[in-house]
$ cat structure.cif   # mmCIF, C-alpha atoms
data_start
loop_
_atom_site.label_atom_id
_atom_site.label_comp_id
_atom_site.auth_asym_id
_atom_site.auth_seq_id
_atom_site.Cartn_x
_atom_site.Cartn_y
_atom_site.Cartn_z
CA ALA A 1 113.18 114.51 116.14
CA ASP A 2 111.52 114.81 119.57
CA TRP A 3 114.33 117.14 120.62
CA ILE A 4 114.79 119.53 117.69
CA GLY A 5 111.65 118.79 115.65
CA VAL A 6 110.78 116.60 112.73
CA ARG A 7 111.57 119.18 110.05
CA TYR A 8 115.17 119.77 111.10
CA THR A 9 115.87 116.07 111.62
CA TYR A 10 114.28 114.98 108.36
CA SER A 11 116.02 117.64 106.30
CA ALA A 12 119.39 116.98 107.90
CA LEU A 13 119.14 113.25 107.22
CA LEU A 14 118.34 113.71 103.53
CA VAL A 15 120.91 116.43 102.88
CA LEU A 16 123.73 114.85 104.90
CA PHE A 17 123.37 111.36 103.49
CA SER A 18 123.06 112.51 99.91
CA VAL A 19 126.85 112.94 100.15
CA PRO A 20 127.68 109.20 100.35
CA GLY A 21 125.16 108.75 97.55
CA PHE A 22 127.26 110.95 95.31
CA LEU A 23 130.42 109.19 96.48
CA ALA A 24 128.98 105.78 95.54
CA SER A 25 129.57 106.52 91.87
CA THR A 26 133.27 107.14 92.49
CA VAL A 27 134.34 104.12 94.55
CA THR A 28 136.94 101.81 93.05
CA THR A 29 137.37 99.15 95.79
CA TYR A 30 135.11 96.65 97.52
CA GLU A 31 135.95 98.12 100.92
CA GLY A 32 135.03 101.59 99.72
CA LEU A 33 131.70 100.35 98.41
CA VAL A 34 130.90 98.68 101.74
CA VAL A 35 131.63 101.88 103.67
CA VAL A 36 129.61 104.04 101.29
CA ARG A 37 126.64 101.67 101.36
CA LEU A 38 126.78 101.62 105.16
CA PHE A 39 126.34 105.38 105.28
CA ILE A 40 123.69 105.34 102.55
CA SER A 41 121.66 102.86 104.61
CA LEU A 42 121.42 105.38 107.45
CA VAL A 43 119.11 107.55 105.37
CA GLY A 44 116.53 104.82 105.95
CA GLY A 45 115.94 106.51 109.30
CA SER A 46 113.86 109.04 107.39
CA PHE A 47 111.17 106.36 107.04
CA VAL A 48 110.74 106.19 110.81
CA ILE A 49 110.59 109.97 111.01
CA THR A 50 107.87 109.97 108.35
CA GLN A 51 105.78 107.67 110.56
CA LEU A 52 106.34 109.96 113.53
CA TRP A 53 105.46 112.96 111.39
CA THR A 54 102.12 111.56 110.24
CA THR A 55 101.37 110.42 113.80
CA ILE A 56 101.85 114.01 114.98
CA MET A 57 99.91 115.50 112.08
CA PHE A 58 96.80 113.26 112.24
CA HIS A 59 94.38 112.34 115.02
CA SER A 60 94.38 108.78 116.31
CA ASN A 61 91.08 107.96 114.58
CA VAL A 62 92.72 108.35 111.16
CA VAL A 63 96.42 107.95 111.95
CA GLY A 64 96.41 104.29 110.89
CA LEU A 65 95.27 105.09 107.36
CA ALA A 66 97.53 108.15 107.24
CA ASN A 67 100.57 106.13 108.28
CA ALA A 68 99.69 103.30 105.90
CA THR A 69 99.32 105.66 102.96
CA SER A 70 102.47 107.68 103.61
CA ALA A 71 104.51 104.53 104.20
CA GLY A 72 103.03 102.88 101.12
CA TRP A 73 103.91 105.75 98.85
CA GLY A 74 107.32 105.90 100.49
CA ASN A 75 107.91 102.23 99.79
CA LEU A 76 106.74 102.82 96.24
CA GLY A 77 110.13 104.41 95.73
CA GLY A 78 111.73 100.99 96.14
CA GLY A 79 109.76 99.57 93.23
CA ALA A 80 110.11 102.70 91.13
CA ALA A 81 113.87 102.73 91.69
CA LEU A 82 114.23 99.18 90.35
CA ALA A 83 112.38 100.13 87.18
CA ILE A 84 113.93 103.57 86.67
CA MET A 85 117.51 102.61 87.51
CA GLY A 86 117.32 99.61 85.22
CA ALA A 87 115.96 101.76 82.40
CA VAL A 88 118.64 104.41 82.93
CA PHE A 89 121.35 101.75 83.00
CA ASN A 90 120.08 100.19 79.75
CA ALA A 91 119.82 103.59 78.06
CA MET A 92 123.41 104.39 78.92
CA LYS A 93 124.59 100.98 77.77
CA ASN A 94 122.74 101.45 74.48
CA GLY A 95 124.43 104.82 74.17
CA GLY A 96 127.81 103.11 73.97
CA MET A 97 128.96 103.11 77.59
CA THR A 98 130.61 100.16 79.26
CA ASN A 99 129.01 98.43 82.26
CA ASP A 100 131.32 100.32 84.60
CA GLN A 101 130.56 103.71 83.09
CA ALA A 102 126.81 103.04 82.94
CA TRP A 103 126.30 102.00 86.55
CA ARG A 104 128.46 104.83 87.87
CA ARG A 105 126.44 107.44 86.00
CA SER A 106 123.20 105.72 86.97
CA LEU A 107 124.08 106.14 90.64
CA ALA A 108 124.92 109.83 90.27
CA TRP A 109 121.41 111.33 89.96
CA PRO A 110 119.40 109.82 92.89
CA PRO A 111 121.45 111.73 95.51
CA ALA A 112 120.56 114.96 93.72
CA VAL A 113 116.87 114.12 94.18
CA LEU A 114 117.56 113.33 97.84
CA LEU A 115 119.29 116.68 98.32
CA ALA A 116 116.45 118.60 96.65
CA THR A 117 113.83 116.80 98.75
CA GLY A 118 115.69 117.66 101.95
CA LEU A 119 115.77 121.34 101.03
CA VAL A 120 112.05 121.34 100.16
CA ALA A 121 111.24 119.69 103.50
CA PHE A 122 113.25 122.33 105.36
CA PHE A 123 111.80 125.41 103.68
CA PHE A 124 108.20 124.38 102.99
CA THR A 125 107.01 122.13 105.85
CA ASP A 126 106.03 122.38 109.54
CA ASP A 127 106.79 120.18 112.53
CA CYS A 128 103.13 119.80 113.49
CA PRO A 129 99.70 121.34 112.77
CA PHE A 130 100.45 124.23 115.12
CA GLY A 131 103.70 125.22 113.38
CA ASN A 132 107.36 124.59 114.11
CA TYR A 133 108.60 123.66 117.56
CA GLY A 134 111.00 126.59 117.78
CA GLU A 135 108.25 129.09 116.99
CA MET A 136 105.87 127.38 119.42
CA LYS A 137 108.42 127.60 122.24
CA LYS A 138 109.01 131.25 121.45
CA ARG A 139 105.29 132.04 121.54
CA LYS A 140 104.92 130.14 124.81
CA ALA A 141 107.80 132.07 126.34
CA GLU A 142 106.31 135.39 125.21
CA THR A 143 102.89 134.65 126.65
CA GLN A 144 104.37 132.86 129.69
CA ALA A 145 101.56 130.36 129.58
CA PRO A 146 101.94 127.69 132.29
CA ALA A 147 102.82 124.28 130.90
CA VAL A 148 100.55 121.49 132.02
CA ASP A 149 101.78 118.05 131.03
CA ASP A 150 98.75 115.80 131.36
CA GLY A 151 99.69 113.42 128.57
CA SER A 152 97.08 114.79 126.19
CA ASP A 153 99.85 115.77 123.78
CA LEU A 154 100.17 112.12 122.90
CA GLN A 155 96.75 112.01 121.29
CA GLY A 156 98.23 113.53 118.13
CA GLY A 157 98.97 116.95 116.68
CA ALA A 158 100.91 118.42 119.60
CA GLU A 159 104.56 118.92 120.48
CA PRO A 160 105.97 115.67 121.90
CA VAL A 161 109.24 116.99 123.33
CA SER A 162 108.12 117.02 126.99
CA VAL A 163 106.50 113.60 126.80
CA ALA A 164 108.65 111.73 124.28
CA GLY A 165 110.55 109.68 126.85
CA ARG A 166 107.39 108.69 128.71
CA SER A 167 105.66 107.80 125.43
CA LEU A 168 108.49 105.47 124.42
CA LYS A 169 108.63 103.87 127.86
CA VAL A 170 104.89 103.24 128.01
CA ALA A 171 104.99 101.71 124.51
CA ALA A 172 108.05 99.58 125.23
CA VAL A 173 106.59 97.87 128.33
CA ASN A 174 103.39 96.90 126.50
CA TRP A 175 103.83 93.39 125.06
CA ARG A 176 101.30 94.15 122.30
CA THR A 177 103.74 96.70 120.87
CA TRP A 178 106.27 93.94 120.32
CA VAL A 179 103.71 91.70 118.64
CA LEU A 180 103.18 94.45 116.06
CA PHE A 181 106.96 94.86 115.89
CA LEU A 182 107.31 91.19 114.88
CA VAL A 183 104.50 91.33 112.33
CA TYR A 184 106.05 94.42 110.77
CA ALA A 185 109.47 92.77 110.73
CA PHE A 186 107.98 89.77 108.88
CA SER A 187 106.35 92.08 106.32
CA PHE A 188 108.32 95.31 105.89
CA GLY A 189 111.61 93.70 106.89
CA VAL A 190 111.14 91.05 104.23
CA GLU A 191 110.17 93.72 101.73
CA LEU A 192 113.52 95.46 102.23
CA VAL A 193 115.36 92.19 101.63
CA VAL A 194 113.33 91.63 98.45
CA TYR A 195 114.28 95.05 97.07
CA GLY A 196 117.95 94.21 97.40
CA ASN A 197 117.73 90.81 95.73
CA ILE A 198 114.69 90.52 93.45
CA ALA A 199 116.33 91.91 90.30
CA LEU A 200 119.26 89.49 90.57
CA TYR A 201 116.88 86.62 91.41
CA PHE A 202 114.80 87.16 88.27
CA SER A 203 117.93 87.54 86.15
CA ASN A 204 119.41 84.27 87.38
CA ALA A 205 116.29 82.13 87.86
CA PHE A 206 114.43 83.16 84.68
CA ASP A 207 117.33 84.03 82.38
CA LEU A 208 116.55 87.76 82.09
CA SER A 209 118.88 90.66 81.45
CA GLN A 210 119.82 92.87 84.39
CA GLY A 211 117.51 95.65 83.22
CA ASP A 212 114.57 93.31 82.58
CA GLY A 213 115.10 91.63 85.94
CA GLY A 214 114.89 95.02 87.64
CA LEU A 215 111.75 95.90 85.70
CA ALA A 216 110.09 92.62 86.70
CA GLY A 217 111.13 93.06 90.31
CA SER A 218 109.72 96.59 90.40
CA LEU A 219 106.24 95.04 90.33
CA PHE A 220 106.74 94.12 93.99
CA GLY A 221 107.18 97.70 95.13
CA LEU A 222 104.58 99.24 92.83
CA PHE A 223 101.78 97.61 94.84
CA ASN A 224 102.49 100.19 97.53
CA VAL A 225 100.58 102.68 95.37
CA PHE A 226 97.32 101.35 96.82
CA ALA A 227 97.78 98.10 98.75
CA ARG A 228 98.95 99.56 102.08
CA SER A 229 95.97 101.90 102.10
CA LEU A 230 93.78 98.94 101.14
CA GLY A 231 94.97 97.14 104.26
CA GLY A 232 94.05 100.18 106.37
CA TRP A 233 90.66 100.42 104.64
CA MET A 234 89.98 96.72 105.25
CA SER A 235 90.79 97.22 108.92
CA ASP A 236 88.44 100.21 109.09
CA LYS A 237 85.61 98.16 107.58
CA PHE A 238 86.17 95.29 109.99
CA ASN A 239 86.23 97.83 112.82
CA GLU A 240 82.80 99.14 111.79
CA HIS A 241 81.29 95.69 112.27
CA TRP A 242 83.36 94.10 115.06
CA GLY A 243 85.27 96.92 116.74
CA VAL A 244 88.95 96.59 117.64
CA ARG A 245 88.60 92.81 117.50
CA GLY A 246 87.76 93.26 113.83
CA ARG A 247 91.01 95.13 113.27
CA LEU A 248 92.90 92.22 114.79
CA TRP A 249 91.10 89.77 112.51
CA ALA A 250 91.96 91.93 109.50
CA LEU A 251 95.62 91.87 110.54
CA PHE A 252 95.51 88.10 111.05
CA ILE A 253 93.94 87.44 107.63
CA CYS A 254 96.43 89.69 105.82
CA THR A 255 99.40 88.11 107.62
CA LEU A 256 98.19 84.58 106.90
CA MET A 257 97.63 85.27 103.20
CA MET A 258 101.02 86.97 102.96
CA GLY A 259 102.69 83.81 104.24
CA VAL A 260 100.69 81.52 101.93
CA PHE A 261 101.62 83.40 98.77
CA LEU A 262 105.25 83.71 99.83
CA LEU A 263 105.35 79.90 99.86
CA VAL A 264 103.65 79.82 96.45
CA PHE A 265 106.18 82.25 94.96
CA THR A 266 109.18 80.34 96.30
CA ASN A 267 107.96 77.15 94.58
CA VAL A 268 107.64 78.69 91.10
CA THR A 269 110.57 77.97 88.78
CA LEU A 270 111.27 78.31 85.08
CA ASP A 271 110.02 74.76 84.55
CA ASN A 272 107.22 74.90 87.14
CA GLY A 273 104.92 77.82 86.37
CA GLY A 274 107.43 79.77 84.34
CA PHE A 275 108.03 83.50 84.28
CA GLY A 276 104.30 84.27 84.08
CA GLY A 277 103.58 82.18 87.15
CA ALA A 278 106.39 83.90 89.02
CA LEU A 279 105.02 87.36 88.19
CA GLY A 280 101.49 86.35 89.18
CA SER A 281 102.50 84.86 92.52
CA LEU A 282 104.87 87.77 93.18
CA ALA A 283 102.04 90.24 92.55
CA THR A 284 99.65 88.40 94.89
CA TRP A 285 102.31 88.08 97.58
CA ALA A 286 103.14 91.79 97.23
CA LEU A 287 99.44 92.68 97.55
CA TRP A 288 98.95 90.85 100.84
CA LEU A 289 102.33 91.92 102.20
CA ALA A 290 101.53 95.60 101.67
CA MET A 291 98.03 95.11 103.10
CA THR A 292 99.61 93.53 106.18
CA GLU A 293 101.83 96.58 106.63
CA GLY A 294 98.82 98.87 106.32
CA SER A 295 96.72 96.85 108.76
CA VAL A 296 99.57 96.99 111.31
CA PHE A 297 99.37 100.77 111.45
CA ALA A 298 95.58 100.65 111.63
CA VAL A 299 96.02 98.80 114.95
CA VAL A 300 98.82 101.04 116.30
CA PRO A 301 96.56 103.79 117.76
CA TYR A 302 94.66 101.21 119.83
CA VAL A 303 97.63 99.51 121.48
CA GLU A 304 98.38 102.40 123.84
CA PRO A 305 96.19 105.45 123.08
CA THR A 306 98.30 107.73 125.29
CA ALA A 307 101.55 106.73 123.56
CA VAL A 308 100.70 106.43 119.88
CA GLY A 309 104.02 108.01 118.86
CA GLY A 310 106.02 105.54 120.92
CA VAL A 311 104.15 102.54 119.54
CA ALA A 312 104.48 103.77 115.95
CA GLY A 313 108.19 104.42 116.45
CA ILE A 314 108.92 100.92 117.76
#

$ encode --input "structure.cif" --output "structure tokens"
Amino acid sequence: ADWIGVRYTYSALLVLFSVPGFLASTVTTYEGLVVVRLFISLVGGSFVITQLWTTIMFHSNVVGLANATSAGWGNLGGGAALAIMGAVFNAMKNGGMTNDQAWRRSLAWPPAVLLATGLVAFFFTDDCPFGNYGEMKKRKAETQAPAVDDGSDLQGGAEPVSVAGRSLKVAAVNWRTWVLFLVYAFSFGVELVVYGNIALYFSNAFDLSQGDGGLAGSLFGLFNVFARSLGGWMSDKFNEHWGVRGRLWALFICTLMMGVFLLVFTNVTLDNGGFGGALGSLATWALWLAMTEGSVFAVVPYVEPTAVGGVAGI
């Protein structure tokens, strides 16, 4: 993305990896499914590009909230997919299809959405507030304006091509970057694992159908509608009173509460708390987990102000 621009990279990812999405509905062997899912997983790189994109588009004083909101609404897709795919699967089953026919047809339409989104991103978006990188380079060449690389590009909103390597290096040698990396791994990394297993967990542990298990599990992702932004807002409020130290306290509180309610959720069973208790603890855990993710990105601009893109990327 630093080389050819966010727009080209983002569009190419979505369009190219919609192909294995279409192929997923045609596989007939376990090996084929593994290969297809491997390639489908690569489209997850678009999430990182989204974070880079919002970092470029917004100034450092609001980039935390911007990143938290865009990532939250992006993660919302995980919860929505569990609910929608389960509903589509059930509808097809009720229409007389077998399990095999229903899941294959259920997998056929998401790649079409991916393809359409990639085309929209290509034709209707810009790399940064000043336009597309190719056009910017052309204008610079025409005016023959001298290029002065003083690092100010890294403050947000400018073309990062000439400073991308330095930004990443500066971010990588700062130990605070890796602390945020670990916190995000414990929150967002866990969230990804939950998306892949929560429907099956509810189905097995609470004796639900596959569709109902997916619907229950979708509650986890739906908190991204507001909870990530809530974490960023909490960090902003703490910052008003206690400065950057307040942002760190907000991150600590969110992380601690996330861990507490994860332990609560794992101790709820059908006989101990029941399905209602599981949903309640799942919802509370999801709230604090998403707030933790949002508060991480509220701290990002302060770790290394001259390398915000590098910190956000790691």

$ closest_residue --input "structure.cif" --among "A:Gln210, A:Thr266, A:Thr69, A:Thr50" --to "A:Val88" --atoms "only C-alpha atoms"
A:Gln210

$ closest_residue --input "structure.cif" --among "A:Leu262, A:Met136, A:Leu16, A:Met57" --to "A:Ser70" --atoms "only C-alpha atoms"
A:Met57

$ resolve_selection --input "structure.cif" --expression "the PyMOL selection byres ((chain A and resi 295) around 12)" --output "PyMOL selection string"
chain A and resi 63-69+71-72+180+183-184+187+227-239+244+246-255+288-294+296-301

$ residues_around --input "structure.cif" --residues "A:Ala102" --least-positions-apart "5" --cutoff "8 Å" --atoms "only C-alpha atoms" --output "list in words"
Phe89, Asn90, Met92, Lys93 and Met97 of chain A

$ closest_residue --input "structure.cif" --among "A:Val113, A:Ile84, A:Leu33, A:Leu52" --to "A:Asp212" --atoms "only C-alpha atoms"
A:Ile84

$ closest_residue --input "structure.cif" --among "A:Met258, A:Val179, A:Cys128, A:Ala108" --to "A:Leu23" --atoms "only C-alpha atoms"
A:Ala108

$ resolve_selection --input "structure.cif" --expression "the PyMOL selection byres ((chain A and resi 280) around 12)" --output "ChimeraX atom specification"
/A:216-217,219-220,261-262,264-265,268,273-279,281-287

$ write_last_selection --input "structure.cif" --atoms "C-alpha atoms" --output "PDB file, keeping the file's coordinate frame"
ATOM      1  CA  ALA A 216     110.090  92.620  86.700  1.00  0.00           C
ATOM      2  CA  GLY A 217     111.130  93.060  90.310  1.00  0.00           C
ATOM      3  CA  LEU A 219     106.240  95.040  90.330  1.00  0.00           C
ATOM      4  CA  PHE A 220     106.740  94.120  93.990  1.00  0.00           C
ATOM      5  CA  PHE A 261     101.620  83.400  98.770  1.00  0.00           C
ATOM      6  CA  LEU A 262     105.250  83.710  99.830  1.00  0.00           C
ATOM      7  CA  VAL A 264     103.650  79.820  96.450  1.00  0.00           C
ATOM      8  CA  PHE A 265     106.180  82.250  94.960  1.00  0.00           C
ATOM      9  CA  VAL A 268     107.640  78.690  91.100  1.00  0.00           C
ATOM     10  CA  GLY A 273     104.920  77.820  86.370  1.00  0.00           C
ATOM     11  CA  GLY A 274     107.430  79.770  84.340  1.00  0.00           C
ATOM     12  CA  PHE A 275     108.030  83.500  84.280  1.00  0.00           C
ATOM     13  CA  GLY A 276     104.300  84.270  84.080  1.00  0.00           C
ATOM     14  CA  GLY A 277     103.580  82.180  87.150  1.00  0.00           C
ATOM     15  CA  ALA A 278     106.390  83.900  89.020  1.00  0.00           C
ATOM     16  CA  LEU A 279     105.020  87.360  88.190  1.00  0.00           C
ATOM     17  CA  SER A 281     102.500  84.860  92.520  1.00  0.00           C
ATOM     18  CA  LEU A 282     104.870  87.770  93.180  1.00  0.00           C
ATOM     19  CA  ALA A 283     102.040  90.240  92.550  1.00  0.00           C
ATOM     20  CA  THR A 284      99.650  88.400  94.890  1.00  0.00           C
ATOM     21  CA  TRP A 285     102.310  88.080  97.580  1.00  0.00           C
ATOM     22  CA  ALA A 286     103.140  91.790  97.230  1.00  0.00           C
ATOM     23  CA  LEU A 287      99.440  92.680  97.550  1.00  0.00           C
TER      24      LEU A 287
END

$ resolve_selection --input "structure.cif" --expression "the PyMOL selection byres ((chain A and resi 125) around 12)" --output "list in words"
Gly5, Val6, Arg7, Tyr8, Tyr10, Ser11, Trp53, Met57, Thr117, Gly118, Leu119, Val120, Ala121, Phe122, Phe123, Phe124, Asp126, Asp127, Cys128, Pro129, Phe130, Gly131, Asn132 and Tyr133 of chain A

$ atom_distance --input "structure.cif" --atom1 "atom CA of A:Ala205" --atom2 "atom CA of A:Glu191"
19.1 Å

$ atom_distance --input "structure.cif" --atom1 "atom CA of A:Leu114" --atom2 "atom CA of A:Ala12"
10.9 Å

$ closest_residue --input "structure.cif" --among "A:Leu215, A:Leu38, A:Arg166, A:Phe186" --to "A:Leu200" --atoms "all atoms listed in the file"
A:Leu215

$ build_atoms --input "structure.cif" --residues "stretch 72-103 of chain A" --atoms "N, CA and C atoms" --output "CSV table (one decimal), keeping the file's coordinate frame"
chain,number,residue,atom,x,y,z
A,72,GLY,N,103.2,103.6,102.4
A,72,GLY,CA,103.0,102.9,101.1
A,72,GLY,C,103.6,103.7,100.0
A,73,TRP,N,103.3,104.9,99.9
A,73,TRP,CA,103.9,105.8,98.8
A,73,TRP,C,105.4,105.9,99.0
A,74,GLY,N,105.9,105.9,100.3
A,74,GLY,CA,107.3,105.9,100.5
A,74,GLY,C,108.0,104.6,100.0
A,75,ASN,N,107.4,103.5,100.3
A,75,ASN,CA,107.9,102.2,99.8
A,75,ASN,C,107.8,102.1,98.3
A,76,LEU,N,106.9,102.8,97.7
A,76,LEU,CA,106.7,102.8,96.2
A,76,LEU,C,108.1,103.2,95.6
A,77,GLY,N,108.8,104.0,96.3
A,77,GLY,CA,110.1,104.4,95.7
A,77,GLY,C,111.0,103.2,95.5
A,78,GLY,N,110.9,102.2,96.3
A,78,GLY,CA,111.7,101.0,96.1
A,78,GLY,C,111.4,100.3,94.8
A,79,GLY,N,110.1,100.2,94.5
A,79,GLY,CA,109.8,99.6,93.2
A,79,GLY,C,110.1,100.5,92.1
A,80,ALA,N,109.8,101.8,92.2
A,80,ALA,CA,110.1,102.7,91.1
A,80,ALA,C,111.6,102.8,90.8
A,81,ALA,N,112.4,102.7,91.9
A,81,ALA,CA,113.9,102.7,91.7
A,81,ALA,C,114.4,101.5,90.9
A,82,LEU,N,113.8,100.4,91.1
A,82,LEU,CA,114.2,99.2,90.4
A,82,LEU,C,113.9,99.4,88.9
A,83,ALA,N,112.8,99.9,88.6
A,83,ALA,CA,112.4,100.1,87.2
A,83,ALA,C,113.2,101.3,86.5
A,84,ILE,N,113.3,102.4,87.2
A,84,ILE,CA,113.9,103.6,86.7
A,84,ILE,C,115.4,103.4,86.5
A,85,MET,N,116.1,102.8,87.6
A,85,MET,CA,117.5,102.6,87.5
A,85,MET,C,117.9,101.6,86.4
A,86,GLY,N,117.1,100.6,86.3
A,86,GLY,CA,117.3,99.6,85.2
A,86,GLY,C,117.2,100.2,83.8
A,87,ALA,N,116.2,101.1,83.7
A,87,ALA,CA,116.0,101.8,82.4
A,87,ALA,C,117.1,102.7,82.1
A,88,VAL,N,117.5,103.5,83.1
A,88,VAL,CA,118.6,104.4,82.9
A,88,VAL,C,119.9,103.7,82.6
A,89,PHE,N,120.2,102.6,83.3
A,89,PHE,CA,121.4,101.8,83.0
A,89,PHE,C,121.3,101.2,81.6
A,90,ASN,N,120.2,100.7,81.1
A,90,ASN,CA,120.1,100.2,79.8
A,90,ASN,C,120.3,101.3,78.7
A,91,ALA,N,119.7,102.5,79.0
A,91,ALA,CA,119.8,103.6,78.1
A,91,ALA,C,121.3,104.0,77.9
A,92,MET,N,122.0,104.0,79.0
A,92,MET,CA,123.4,104.4,78.9
A,92,MET,C,124.2,103.3,78.2
A,93,LYS,N,123.9,102.1,78.5
A,93,LYS,CA,124.6,101.0,77.8
A,93,LYS,C,124.3,101.1,76.3
A,94,ASN,N,123.1,101.3,75.9
A,94,ASN,CA,122.7,101.4,74.5
A,94,ASN,C,123.4,102.7,73.8
A,95,GLY,N,123.8,103.6,74.7
A,95,GLY,CA,124.4,104.8,74.2
A,95,GLY,C,125.9,104.6,74.0
A,96,GLY,N,126.4,103.4,74.2
A,96,GLY,CA,127.8,103.1,74.0
A,96,GLY,C,128.7,103.0,75.2
A,97,MET,N,128.1,103.2,76.4
A,97,MET,CA,129.0,103.1,77.6
A,97,MET,C,129.2,101.7,78.0
A,98,THR,N,130.3,101.5,78.7
A,98,THR,CA,130.6,100.2,79.3
A,98,THR,C,129.8,99.9,80.5
A,99,ASN,N,129.7,98.7,81.0
A,99,ASN,CA,129.0,98.4,82.3
A,99,ASN,C,129.5,99.3,83.4
A,100,ASP,N,130.8,99.5,83.5
A,100,ASP,CA,131.3,100.3,84.6
A,100,ASP,C,130.9,101.8,84.5
A,101,GLN,N,131.0,102.3,83.3
A,101,GLN,CA,130.6,103.7,83.1
A,101,GLN,C,129.1,103.9,83.3
A,102,ALA,N,128.3,102.9,82.9
A,102,ALA,CA,126.8,103.0,82.9
A,102,ALA,C,126.3,103.0,84.4
A,103,TRP,N,126.8,102.1,85.2
A,103,TRP,CA,126.3,102.0,86.6
A,103,TRP,C,126.8,103.2,87.4
